[in-house]
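Peer 1: Let me give you the structure first, and then I'll get to my questions.
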Amino acid sequence: MVNLGDTFPNFEAETTAGKIKFHDFIGDSWCILFSHPADYTPVCTTELGKCVELEPEFKKRGVKMIALSCDDVPSHEGWSKDILDYCKCSTGKLPYPIISDKSRDLAVKLGMVDPAEKDNAGLPLTCRAVFIIGPDKKLKLSMLYPATTGRNFAEILRVIDSLQLTMNKKVATPEGWKDGDKCMVLPSIPQEGIEKVFPQGVTVQPVPSGKPYLRFTPQPK
């Protein structure tokens with residue numbers, strides 16, 4: 001299992017775009033790796049179809065997309081046609097590759113095995129994992145969903161906006177934050193001289209404890 005802040009494994013794999021070495025695939029970009037239990041399954045088809053629709057949004061944020069399941073490349077290629085038809089996309093090709101992990105090596109290495117889901121041969125399938133990796137090849141976020149619950153990729157885009165903002169600015173993002181909303185000043189920033197760090201101003205929300213820790217500031221540019 002890869003922990004937050006760890007360098008993500010530089011694995012080699014066969015994909016619908018040929019053989020890749022993962023760090024070379026990422027390059028200087030951000031990357032999202034998302035797994036699904038199996039090809040030709042209903043929830044996975046809706047998820048990968050949504051990823052086709054949202055590909056311009058990921059690209060705008062400098063994020064490369066790559067999927068994974070335990071089926072082989074020919075299966076991925078056949079299933080891709082169903083995905084494109086489902087989301088009414090006429091490009092003829094998915095805008096991201098799908099990794100083949102028929103041996104389950106990557107699923108085990110990355111902690112993506114769902115023991116409750118098995119194929120016809122009784123072998124475990126992958127859960128709905130999400131890994132977001134930064135340009136430094138370090139893991140920035142991971143999420144695991146069961147097979148019965150589809151992911152919300154609009155929420156994942158929101159999370160990427162937060163990760164990219166807070167990587168370079170001394171702020172955190174509160175519950176439900178969206179790009180352009182007010183941010184929160186990090187607790188590690190002292191009150192003294194705060195106006196130099198946040199020239200747009202800081203608003204402190206009073207609380208019964210009297211502690212000035214709820215500090216809001218406009219989103220830094």
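As shown in the structure tokens, the chain order sets the letters A, B, ...; within each chain, residues go from 1, and ligands are also counted from 1 in the order they appear.
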Select from range 49-153 of chain A everything DSSP, run on the backbone, classes as strand (DSSP E or B), then give the selection as a PyMOL selection string.
Peer 2: chain A and resi 63-69+98-100+113-118+124-126+128-133+138-145
Peer 1: Just want the 8 Å neighbourhood of Phe153 in chain A, counted on only C-alpha atoms, with same-chain residues fewer than 2 positions away dropped. Output as a list of chain:residue names.
Peer 2: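 In the requested form, the answer reads A:Glu47, A:Lys50, A:Cys51, A:Arg151, A:Glu155, A:Ile156, A:Leu157.
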Peer 1: Write out as an MDAnalysis selection string the residues lying within 8 Å of Val185 in chain A, counting only C-alpha atoms and excluding same-chain residues fewer than 2 positions away.
Peer 2: chainID A and resid 170:172 183 187 189 214:217
Peer 1: Extract, using only C-alpha atoms, all DNA, RNA and protein residues at most 9 Å from Leu84 in chain A, discarding same-chain residues fewer than 5 positions from it, and format them as a PyMOL selection string.
Peer 2: chain A and resi 48-49+52+79+89-94
Peer 1: Take the residues just selected and output them with N, CA, C and O atoms as a PDB file, in the first residue's frame.
Peer 2:
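Generated file (selection04.pdb):
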```pdb
ATOM      1  N   LEU A  48     -16.340   5.416 -16.640  1.00  0.00           N
ATOM      2  CA  LEU A  48     -15.374   5.706 -17.696  1.00  0.00           C
ATOM      3  C   LEU A  48     -15.986   6.593 -18.774  1.00  0.00           C
ATOM      4  O   LEU A  48     -15.278   7.375 -19.411  1.00  0.00           O
ATOM      5  N   GLY A  49     -17.309   6.486 -18.964  1.00  0.00           N
ATOM      6  CA  GLY A  49     -17.979   7.407 -19.876  1.00  0.00           C
ATOM      7  C   GLY A  49     -17.919   8.833 -19.370  1.00  0.00           C
ATOM      8  O   GLY A  49     -17.685   9.778 -20.140  1.00  0.00           O
ATOM      9  N   VAL A  52     -14.594  10.320 -20.059  1.00  0.00           N
ATOM     10  CA  VAL A  52     -14.483  10.801 -21.449  1.00  0.00           C
ATOM     11  C   VAL A  52     -15.047  12.216 -21.547  1.00  0.00           C
ATOM     12  O   VAL A  52     -14.432  13.112 -22.125  1.00  0.00           O
ATOM     13  N   TRP A  79     -14.427  -3.281 -25.030  1.00  0.00           N
ATOM     14  CA  TRP A  79     -15.291  -2.566 -24.087  1.00  0.00           C
ATOM     15  C   TRP A  79     -15.289  -1.064 -24.349  1.00  0.00           C
ATOM     16  O   TRP A  79     -16.295  -0.376 -24.146  1.00  0.00           O
ATOM     17  N   CYS A  89     -19.949   9.603 -27.640  1.00  0.00           N
ATOM     18  CA  CYS A  89     -18.712  10.226 -28.118  1.00  0.00           C
ATOM     19  C   CYS A  89     -18.346   9.600 -29.467  1.00  0.00           C
ATOM     20  O   CYS A  89     -18.304   8.374 -29.612  1.00  0.00           O
ATOM     21  N   SER A  90     -18.069  10.430 -30.451  1.00  0.00           N
ATOM     22  CA  SER A  90     -17.823   9.941 -31.804  1.00  0.00           C
ATOM     23  C   SER A  90     -16.345   9.953 -32.191  1.00  0.00           C
ATOM     24  O   SER A  90     -16.001   9.820 -33.357  1.00  0.00           O
ATOM     25  N   THR A  91     -15.435  10.107 -31.201  1.00  0.00           N
ATOM     26  CA  THR A  91     -14.005  10.180 -31.523  1.00  0.00           C
ATOM     27  C   THR A  91     -13.448   8.836 -31.981  1.00  0.00           C
ATOM     28  O   THR A  91     -12.432   8.782 -32.663  1.00  0.00           O
ATOM     29  N   GLY A  92     -14.096   7.741 -31.580  1.00  0.00           N
ATOM     30  CA  GLY A  92     -13.630   6.414 -31.969  1.00  0.00           C
ATOM     31  C   GLY A  92     -12.555   5.845 -31.080  1.00  0.00           C
ATOM     32  O   GLY A  92     -12.125   4.706 -31.248  1.00  0.00           O
ATOM     33  N   LYS A  93     -12.091   6.637 -30.092  1.00  0.00           N
ATOM     34  CA  LYS A  93     -11.008   6.164 -29.228  1.00  0.00           C
ATOM     35  C   LYS A  93     -11.113   6.862 -27.874  1.00  0.00           C
ATOM     36  O   LYS A  93     -11.395   8.060 -27.795  1.00  0.00           O
ATOM     37  N   LEU A  94     -10.884   6.101 -26.807  1.00  0.00           N
ATOM     38  CA  LEU A  94     -10.867   6.708 -25.481  1.00  0.00           C
ATOM     39  C   LEU A  94      -9.701   7.687 -25.368  1.00  0.00           C
ATOM     40  O   LEU A  94      -8.615   7.419 -25.884  1.00  0.00           O
TER      41      LEU A  94
END
```
Peer 1: Using DSSP assignments from the backbone, pull out every residue in range 164-204 of chain A that falls under helix (DSSP H, G or I) and give it to me as number ranges by chain.
Peer 2: A: 164-168, 194-197
Peer 1: Write out as a list in words each polymer residue whose atoms come within 6 Å of Val113 in chain A, counting only C-alpha atoms; drop sequence neighbours fewer than 3 positions from it.
Peer 2: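 Close residues of Val113 in chain A: Ala107, Leu125, Thr126 and Cys127 of chain A.
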